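What follows is the content of coords.txt, which has compact mmCIF, C-alpha atoms and all ligand atoms:
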# COMPACT_ATOMS: atom_id res chain seq x y z
CA MET A 1 171.96 104.74 -227.74
CA PRO A 2 168.62 106.51 -227.77
CA SER A 3 166.79 103.20 -227.35
CA ARG A 4 168.44 102.68 -223.97
CA ARG A 5 167.43 106.07 -222.79
CA LYS A 6 164.35 106.48 -220.76
CA PHE A 7 163.34 110.09 -220.98
CA LEU A 8 160.75 111.09 -218.45
CA TYR A 9 159.30 113.94 -220.33
CA THR A 10 157.07 115.37 -217.74
CA SER A 11 157.58 118.22 -220.16
CA ALA A 12 155.09 116.79 -222.59
CA ALA A 13 152.28 117.58 -220.23
CA GLY A 14 154.04 120.64 -218.92
CA LEU A 15 154.61 122.19 -222.32
CA ALA A 16 151.08 121.46 -223.36
CA GLY A 17 149.91 123.09 -220.20
CA LEU A 18 151.99 126.12 -220.90
CA ALA A 19 150.61 126.49 -224.37
CA ALA A 20 147.16 126.49 -222.86
CA VAL A 21 147.90 129.33 -220.47
CA PRO A 22 145.93 132.31 -221.77
CA LEU A 23 148.23 135.18 -222.58
CA ALA A 24 146.53 137.96 -220.74
CA GLY A 25 147.87 141.48 -221.08
CA ALA A 26 150.81 142.26 -218.85
CA ALA A 27 148.65 144.30 -216.52
CA ALA A 28 146.42 141.28 -215.98
CA LEU A 29 149.26 139.04 -214.86
CA PRO A 30 149.52 138.58 -211.10
CA GLN A 31 152.09 141.04 -209.87
CA SER A 32 152.19 139.98 -206.27
CA LEU A 33 151.79 136.86 -204.22
CA PRO A 34 150.32 136.50 -200.70
CA PRO A 35 152.25 138.13 -197.84
CA LEU A 36 155.58 136.75 -196.75
CA SER A 37 155.85 134.51 -193.75
CA PRO A 38 158.59 135.87 -191.49
CA ALA A 39 159.38 132.28 -190.48
CA THR A 40 160.91 131.62 -193.87
CA ARG A 41 163.47 134.37 -193.83
CA PRO A 42 166.24 135.05 -194.09
CA LEU A 43 167.36 132.25 -196.36
CA VAL A 44 170.05 131.64 -198.94
CA ILE A 45 170.39 128.90 -201.55
CA SER A 46 173.30 128.28 -203.89
CA THR A 47 174.51 125.74 -206.37
CA TRP A 48 176.74 122.73 -205.78
CA ASP A 49 178.88 121.80 -202.83
CA ALA A 50 180.86 125.03 -203.14
CA GLY A 51 177.64 126.62 -201.98
CA LEU A 52 178.23 125.44 -198.42
CA ASN A 53 181.14 127.82 -197.87
CA ALA A 54 179.49 130.49 -199.98
CA ASN A 55 176.31 130.29 -197.89
CA ARG A 56 178.37 130.67 -194.72
CA GLY A 57 179.78 133.87 -196.17
CA ALA A 58 176.33 135.11 -197.08
CA TRP A 59 174.89 134.19 -193.69
CA LYS A 60 177.27 136.52 -191.89
CA ILE A 61 175.27 139.31 -193.50
CA LEU A 62 171.81 137.76 -193.57
CA GLY A 63 172.01 136.49 -190.00
CA ALA A 64 172.84 139.99 -188.81
CA GLY A 65 169.77 141.42 -190.54
CA GLY A 66 171.73 142.66 -193.57
CA TYR A 67 170.74 143.28 -197.17
CA ALA A 68 170.29 140.32 -199.51
CA LEU A 69 172.34 142.10 -202.17
CA ASP A 70 175.33 142.39 -199.84
CA ALA A 71 174.89 138.74 -198.89
CA VAL A 72 174.87 137.37 -202.44
CA GLU A 73 177.95 139.39 -203.31
CA ALA A 74 179.89 138.36 -200.20
CA GLY A 75 178.74 134.76 -200.52
CA VAL A 76 180.04 134.06 -203.99
CA MET A 77 183.20 136.05 -203.31
CA VAL A 78 184.12 133.17 -201.01
CA THR A 79 184.04 130.80 -203.99
CA GLU A 80 185.82 133.25 -206.28
CA ALA A 81 188.69 133.30 -203.79
CA GLU A 82 188.90 129.51 -203.45
CA GLN A 83 190.93 127.27 -205.72
CA SER A 84 188.34 125.75 -208.00
CA CYS A 85 188.02 124.28 -211.44
CA CYS A 86 185.17 126.50 -212.37
CA VAL A 87 185.03 129.83 -210.60
CA GLY A 88 187.62 132.58 -210.09
CA LEU A 89 191.17 133.12 -211.23
CA GLY A 90 192.34 129.66 -210.19
CA ALA A 91 189.96 128.00 -212.64
CA ASN A 92 190.53 126.32 -215.97
CA PRO A 93 191.47 128.67 -218.84
CA ASP A 94 190.06 128.97 -222.31
CA ARG A 95 191.65 127.08 -225.19
CA ASP A 96 194.28 129.81 -225.56
CA GLY A 97 195.35 129.37 -221.94
CA ILE A 98 193.68 132.52 -220.55
CA VAL A 99 191.23 132.51 -217.63
CA THR A 100 188.19 134.60 -218.51
CA LEU A 101 185.44 135.21 -215.98
CA ASP A 102 181.71 135.93 -216.25
CA ALA A 103 179.45 137.21 -213.46
CA CYS A 104 176.20 139.00 -212.81
CA ILE A 105 174.22 140.34 -209.90
CA MET A 106 170.61 141.49 -209.51
CA ASP A 107 168.90 143.33 -206.67
CA ASP A 108 165.31 143.67 -205.51
CA LYS A 109 164.52 146.67 -207.72
CA PHE A 110 165.43 145.26 -211.17
CA GLY A 111 168.91 146.70 -210.78
CA CYS A 112 171.38 144.47 -212.54
CA GLY A 113 175.00 144.42 -213.60
CA SER A 114 177.21 141.98 -215.47
CA VAL A 115 180.71 141.41 -216.72
CA ALA A 116 181.78 138.89 -219.33
CA ALA A 117 185.16 137.65 -220.53
CA LEU A 118 186.85 139.60 -217.75
CA GLU A 119 190.55 138.81 -217.22
CA ARG A 120 192.91 139.24 -214.26
CA ILE A 121 190.33 140.49 -211.77
CA ARG A 122 189.84 138.43 -208.61
CA HIS A 123 186.22 139.32 -207.88
CA PRO A 124 184.14 139.71 -211.03
CA ILE A 125 180.95 139.69 -208.96
CA SER A 126 182.01 142.96 -207.32
CA VAL A 127 182.79 144.49 -210.69
CA ALA A 128 179.32 143.43 -211.84
CA ARG A 129 177.87 145.23 -208.83
CA ARG A 130 179.81 148.37 -209.71
CA VAL A 131 178.46 148.17 -213.27
CA MET A 132 174.98 148.08 -211.75
CA GLU A 133 175.55 150.86 -209.27
CA ARG A 134 177.93 153.23 -211.04
CA THR A 135 177.14 153.04 -214.73
CA PRO A 136 173.99 153.48 -216.82
CA HIS A 137 174.73 150.06 -218.37
CA VAL A 138 174.07 146.43 -217.55
CA LEU A 139 176.87 144.48 -219.24
CA LEU A 140 180.54 145.26 -219.85
CA VAL A 141 182.78 142.79 -221.65
CA GLY A 142 186.42 141.94 -222.22
CA PRO A 143 189.03 144.73 -222.18
CA GLY A 144 186.37 147.36 -221.49
CA ALA A 145 185.20 145.49 -218.42
CA GLN A 146 188.78 145.19 -217.22
CA GLN A 147 189.43 148.89 -217.88
CA PHE A 148 186.34 149.76 -215.84
CA ALA A 149 187.39 147.44 -213.02
CA VAL A 150 190.85 148.98 -212.81
CA ALA A 151 189.37 152.48 -212.89
CA GLN A 152 187.17 151.42 -209.98
CA GLY A 153 190.24 150.38 -208.00
CA PHE A 154 190.23 146.62 -208.49
CA PRO A 155 193.82 145.33 -208.63
CA LEU A 156 195.01 143.74 -211.85
CA GLU A 157 196.23 140.29 -210.89
CA PRO A 158 199.10 138.51 -212.70
CA GLN A 159 198.26 136.70 -215.92
CA LYS A 160 199.17 133.31 -214.51
CA LEU A 161 197.40 129.99 -214.28
CA SER A 162 197.07 128.23 -210.94
CA ALA A 163 199.20 125.11 -210.66
CA ASP A 164 196.11 122.90 -211.04
CA ALA A 165 194.84 124.78 -214.06
CA GLU A 166 198.29 124.74 -215.67
CA LYS A 167 198.40 120.98 -215.28
CA ALA A 168 194.90 120.53 -216.65
CA TYR A 169 195.63 122.81 -219.60
CA ARG A 170 198.77 120.89 -220.51
CA GLU A 171 196.76 117.67 -220.44
CA TRP A 172 194.09 119.22 -222.59
CA LEU A 173 196.61 120.41 -225.17
CA LYS A 174 197.55 116.79 -225.78
CA ASN A 175 194.25 116.11 -227.51
CA SER A 176 192.59 119.54 -227.64
CA GLN A 177 189.03 118.38 -227.41
CA TYR A 178 186.37 120.00 -225.33
CA ARG A 179 183.94 117.48 -223.93
CA PRO A 180 181.63 118.75 -221.20
CA VAL A 181 181.22 116.37 -218.32
CA ILE A 182 178.15 116.49 -216.15
CA ASN A 183 178.16 117.11 -212.41
CA VAL A 184 181.83 117.95 -212.23
CA GLU A 185 181.14 120.56 -209.56
CA ASN A 186 180.29 117.92 -206.97
CA SER A 187 183.89 117.34 -206.28
CA GLY A 188 184.13 117.18 -202.52
CA THR A 189 186.49 119.11 -200.36
CA LYS A 190 188.56 122.11 -201.33
CA PRO A 191 190.91 122.75 -202.91
CA VAL A 192 189.20 121.17 -205.85
CA PRO A 193 191.57 119.35 -208.15
CA VAL A 194 191.26 120.67 -211.67
CA GLY A 195 190.68 117.77 -213.97
CA PRO A 196 191.73 117.27 -217.55
CA ALA A 197 189.33 118.00 -220.39
CA GLY A 198 186.74 115.33 -220.57
CA GLY A 199 187.52 114.41 -216.99
CA PRO A 200 186.14 115.76 -213.77
CA ASN A 201 186.10 119.43 -212.83
CA ASN A 202 186.18 121.17 -216.16
CA HIS A 203 182.93 123.09 -216.04
CA ASP A 204 180.78 125.42 -214.16
CA THR A 205 179.26 127.96 -211.86
CA ILE A 206 178.15 129.16 -208.49
CA ALA A 207 174.78 130.87 -208.43
CA MET A 208 173.19 132.21 -205.23
CA LEU A 209 169.75 133.54 -204.29
CA ALA A 210 168.95 135.21 -200.98
CA LEU A 211 165.85 136.50 -199.24
CA ASP A 212 166.72 138.76 -196.34
CA ALA A 213 164.91 139.40 -193.07
CA GLN A 214 163.06 142.33 -194.64
CA GLY A 215 161.87 140.21 -197.55
CA ARG A 216 164.27 141.63 -200.12
CA LEU A 217 165.42 139.22 -202.84
CA SER A 218 168.75 139.33 -204.65
CA GLY A 219 170.87 136.97 -206.72
CA SER A 220 174.40 136.49 -208.00
CA CYS A 221 176.17 134.20 -210.41
CA THR A 222 179.88 133.81 -211.19
CA THR A 223 181.94 131.40 -213.25
CA SER A 224 184.95 130.84 -215.43
CA GLY A 225 182.60 129.09 -217.84
CA MET A 226 183.49 125.98 -219.76
CA GLY A 227 187.03 124.84 -219.31
CA PHE A 228 189.08 125.19 -222.53
CA LYS A 229 186.25 127.02 -224.24
CA LEU A 230 186.69 128.85 -227.51
CA ARG A 231 188.28 132.23 -226.82
CA GLY A 232 185.49 134.80 -226.47
CA ARG A 233 182.85 132.25 -225.55
CA VAL A 234 180.36 133.57 -222.99
CA GLY A 235 177.83 131.34 -221.28
CA ASP A 236 174.60 132.01 -219.45
CA SER A 237 176.08 133.20 -216.17
CA PRO A 238 176.46 136.92 -217.00
CA ILE A 239 173.27 137.06 -219.06
CA ILE A 240 170.39 138.54 -217.08
CA GLY A 241 167.35 136.33 -217.66
CA ALA A 242 169.49 133.30 -218.54
CA GLY A 243 171.88 132.64 -215.64
CA LEU A 244 169.95 134.79 -213.16
CA PHE A 245 166.69 136.67 -212.82
CA VAL A 246 165.04 138.41 -209.87
CA ASP A 247 161.55 139.85 -209.87
CA PRO A 248 160.80 141.22 -206.41
CA ALA A 249 157.05 140.70 -206.87
CA VAL A 250 157.44 137.03 -207.70
CA GLY A 251 160.78 135.42 -206.90
CA ALA A 252 164.25 134.67 -208.16
CA ALA A 253 165.92 131.92 -210.15
CA ALA A 254 169.43 131.00 -211.23
CA ALA A 255 171.02 128.37 -213.42
CA THR A 256 174.03 126.13 -213.59
CA GLY A 257 175.20 123.71 -216.23
CA GLN A 258 175.73 124.03 -219.93
CA GLY A 259 175.13 127.70 -220.55
CA GLU A 260 174.23 127.54 -224.21
CA ASP A 261 171.18 125.46 -223.38
CA VAL A 262 170.11 127.88 -220.68
CA ILE A 263 170.53 130.93 -222.91
CA ARG A 264 168.49 129.50 -225.76
CA MET A 265 165.37 129.28 -223.60
CA ALA A 266 166.02 132.28 -221.32
CA GLY A 267 166.18 129.86 -218.42
CA SER A 268 166.03 131.87 -215.22
CA HIS A 269 163.50 134.33 -216.59
CA THR A 270 161.39 131.39 -217.68
CA VAL A 271 161.46 129.94 -214.16
CA VAL A 272 160.36 133.25 -212.66
CA GLU A 273 157.60 133.67 -215.23
CA LEU A 274 156.33 130.18 -214.45
CA MET A 275 156.26 131.13 -210.78
CA ARG A 276 154.32 134.27 -211.69
CA GLN A 277 151.77 132.03 -213.38
CA GLY A 278 151.33 130.13 -210.13
CA ARG A 279 153.93 127.34 -210.20
CA SER A 280 155.83 126.65 -207.02
CA PRO A 281 159.60 127.25 -207.32
CA GLN A 282 160.07 123.48 -207.54
CA ALA A 283 157.46 123.02 -210.28
CA ALA A 284 158.81 126.01 -212.19
CA CYS A 285 162.37 124.66 -212.13
CA GLN A 286 161.08 121.26 -213.22
CA GLU A 287 159.17 122.69 -216.15
CA ALA A 288 162.13 124.77 -217.31
CA VAL A 289 164.38 121.71 -217.21
CA ALA A 290 161.76 119.75 -219.12
CA ARG A 291 161.76 122.39 -221.84
CA ILE A 292 165.50 122.02 -222.23
CA ALA A 293 165.13 118.26 -222.43
CA ALA A 294 162.46 118.62 -225.08
CA ILE A 295 164.65 120.99 -227.10
CA LYS A 296 167.72 118.78 -226.83
CA GLY A 297 166.07 115.43 -227.49
CA ALA A 298 168.49 112.53 -227.21
CA ALA A 299 171.41 114.94 -226.72
CA ALA A 300 169.98 115.87 -223.32
CA ARG A 301 171.82 112.84 -221.94
CA ASP A 302 175.14 114.49 -222.69
CA ILE A 303 174.67 117.64 -220.65
CA GLN A 304 173.73 118.81 -217.19
CA VAL A 305 171.56 121.84 -216.49
CA ALA A 306 169.90 122.76 -213.21
CA PHE A 307 167.90 125.61 -211.75
CA ILE A 308 167.41 126.89 -208.22
CA ALA A 309 164.54 129.20 -207.30
CA VAL A 310 163.07 131.11 -204.38
CA SER A 311 159.64 132.70 -204.21
CA ARG A 312 159.20 136.01 -202.48
CA ARG A 313 157.37 134.07 -199.76
CA GLY A 314 160.49 132.06 -199.05
CA GLU A 315 159.59 128.77 -200.73
CA VAL A 316 162.58 127.18 -202.41
CA GLY A 317 162.92 124.75 -205.27
CA ALA A 318 165.55 123.13 -207.45
CA TYR A 319 165.55 120.72 -210.33
CA ALA A 320 168.21 119.21 -212.55
CA LEU A 321 168.28 117.48 -215.88
CA GLN A 322 170.36 114.60 -214.53
CA LYS A 323 171.22 112.97 -211.26
CA GLY A 324 174.11 114.47 -209.33
CA PHE A 325 173.19 118.10 -208.82
CA SER A 326 173.13 119.31 -205.25
CA TYR A 327 172.56 122.70 -203.69
CA ALA A 328 173.32 124.36 -200.39
CA LEU A 329 170.38 125.72 -198.41
CA SER A 330 170.66 127.90 -195.31
CA THR A 331 167.83 128.98 -193.08
CA THR A 332 170.14 129.06 -190.09
CA GLU A 333 173.86 129.58 -189.63
CA THR A 334 174.50 125.95 -190.64
CA PRO A 335 174.02 125.20 -194.34
CA ARG A 336 172.62 121.90 -195.57
CA LEU A 337 173.60 120.18 -198.80
CA VAL A 338 170.50 118.88 -200.55
CA ASN A 339 170.39 116.42 -203.44
CA SER A 340 168.21 117.83 -206.17
CA ALA A 341 165.37 116.04 -207.88
CA TYR A 342 166.07 115.40 -211.57
CA LEU A 343 164.40 114.49 -214.84
CA LEU A 344 166.30 111.79 -216.67
CA LYS A 345 166.14 108.47 -214.86
N1 LIG B 1 176.85 127.83 -216.73
C1 LIG B 1 178.10 128.36 -216.98
C2 LIG B 1 178.50 128.39 -218.37
O1 LIG B 1 177.98 127.65 -219.19
O2 LIG B 1 179.40 129.16 -218.68
Could the structure of this file be written out as structure tokens, please?
Ligand code: GLY
Amino acid sequence: MPSRRKFLYTSAAGLAGLAAVPLAGAAALPQSLPPLSPATRPLVISTWDAGLNANRGAWKILGAGGYALDAVEAGVMVTEAEQSCCVGLGANPDRDGIVTLDACIMDDKFGCGSVAALERIRHPISVARRVMERTPHVLLVGPGAQQFAVAQGFPLEPQKLSADAEKAYREWLKNSQYRPVINVENSGTKPVPVGPAGGPNNHDTIAMLALDAQGRLSGSCTTSGMGFKLRGRVGDSPIIGAGLFVDPAVGAAAATGQGEDVIRMAGSHTVVELMRQGRSPQAACQEAVARIAAIKGAAARDIQVAFIAVSRRGEVGAYALQKGFSYALSTTETPRLVNSAYLLK
């Protein structure tokens, strides 16, 4: 009941503040921040507990002085290869029983590539990178994305659900209702059991941001999207500016949670623009979450959305709509799982 809900709309002040920001011409906006502190790099941050293993994968590259772009690709490939409810070919299918995958990647020069509704390819993040590096395009979808992947040498995997996903799909068919459940990614050790619709583990994403030893920023994002989604549904994760955005002069941000609500306010781009206007990564994530809460009103209680962000100086931030979001942070070989601050108390 709305009356029981205590919404801490820090957004009220935040949105008012935003409205008051004078819209100077683009050239007048700050394009660079003070110099980087070498002490803060390299670093990598990624969403949820799956981020621990993913960060370890990324650190093999970052710790050896490698490129952030290589790190964010290798990092989330770890998750794509794990059995999970929400990422990779082992994840929950759409309502027609087909696993469809979304991913995007962005480098430190506004290079970006995405794939959406990609089927039977184990590593959509690597296909997204090929889109970025070997085509004049940003986003390939569905059969065209698969055709491109195969032409690039990616093996076509069998059209077969994992045992966990098969079980979850059969359960879902009994009542055929999609009900997102918040925080399902925080599911403990792998392999993650795939839950029935409306139960745990039916939703979400790994997003990763890295700043390498040379100060280069990159980001990646990969997901199977909502479990049992409408066939053809695409969330925020492959949409540059929604699920991920990197501006080398400012910082990077990425999203997790209910993608529709991230798309409608261009979430990750918004976080980066708030950082450009002077917010810390933490404050920028908080303000973006507050905007979503303000848009959703009472329905905000029914969803989870969270952002992670890194400034080019190596400051990190994260903020969630609801309790339960955690992220993995690595500034050394050993990642730490950090509980995020959140809005709705
Ligand atoms: N955030 C992932 C999705 O909504 O598909």
### Message
Report, in Å with one decimal, the straight-line distance from atom CA of A:Gly241 to atom CA of A:His269.
### Response
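Interatomic distance here is 4.5 Å.
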## Note on the structure
Counting all atoms listed in the file, closest pick from A:Thr100, A:Thr256, A:Thr222, A:Gln146 relative to ligand LIG 1 (chain B) is A:Thr256
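With all atoms listed in the file as the atoms that count, the residue of A:Leu52, A:Ala74, A:Val234, A:Ala242 with the shortest distance to ligand LIG 1 (chain B) is A:Val234.
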### Summary
As a check of understanding: the span from atom CA of A:Ser218 to atom CA of A:Val127 is 16.1 Å
### Task
Could you give me the residues within 6 Å of ligand LIG 1 (chain B), counting only C-alpha atoms and all ligand atoms, as an MDAnalysis selection string?
chainID A and resid 204:205 225:226 235:237 256:259
### Task
For each of A:Gly314, A:Asp70, A:Val246, A:Ile295, take the minimum atom-to-atom distance to A:Glu260, counting all atoms listed in the file, then give the residue where this is smallest.
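Checking each candidate against A:Glu260, we get A:Ile295 as the closest.
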### Task
Please check which residues have atoms at most 9 Å from (171.0, 118.6, -219.5) in the file's coordinates, counting only C-alpha atoms, and write them as a PyMOL selection string.
chain A and resi 182+257-258+261+289+292-293+296+299-306+320-322+344
### Message
Counting only C-alpha atoms, which residue out of A:Ser224, A:Leu217, A:Ala210, A:Pro281 sits closest to A:Glu119?
### Response
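Counting only C-alpha atoms, the residue closest to A:Glu119 is A:Ser224.
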### Task
Tell me, in Å to one decimal, how far atom CA of A:Ile45 is from atom CA of A:Val141.
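Separating atom CA of A:Ile45 from atom CA of A:Val141 is a distance of 27.4 Å.
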So that I can check the surroundings of A:Phe148, please list as a short mmCIF file (atom, residue, chain, number, x, y, z; two decimals) with C-alpha atoms, keeping the file's coordinate frame every protein, DNA and RNA residue that reaches within 10 Å of it, counting only C-alpha atoms and ignoring chain neighbours fewer than 4 positions away.
data_model
loop_
_atom_site.label_atom_id
_atom_site.label_comp_id
_atom_site.auth_asym_id
_atom_site.auth_seq_id
_atom_site.Cartn_x
_atom_site.Cartn_y
_atom_site.Cartn_z
CA VAL A 127 182.79 144.49 -210.69
CA ARG A 130 179.81 148.37 -209.71
CA VAL A 131 178.46 148.17 -213.27
CA THR A 135 177.14 153.04 -214.73
CA LEU A 140 180.54 145.26 -219.85
CA VAL A 141 182.78 142.79 -221.65
CA PRO A 143 189.03 144.73 -222.18
CA GLY A 144 186.37 147.36 -221.49
CA GLN A 152 187.17 151.42 -209.98
CA GLY A 153 190.24 150.38 -208.00
CA PHE A 154 190.23 146.62 -208.49
#
### Query
Taking (175.9, 137.4, -201.5) in the file's coordinates as the center, which residues reach within 12 Å of it, counting all atoms listed in the file, put as a VMD selection string?
chain A and resid 43 to 46 51 53 to 62 66 to 80 104 to 107 125 to 126 129 206 to 212 217 to 222
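The shortest atom-to-atom distance to A:Ala309, with only C-alpha atoms taken into account, belongs to A:Thr47 out of A:Ala163, A:Thr47, A:Thr40, A:Gln147.
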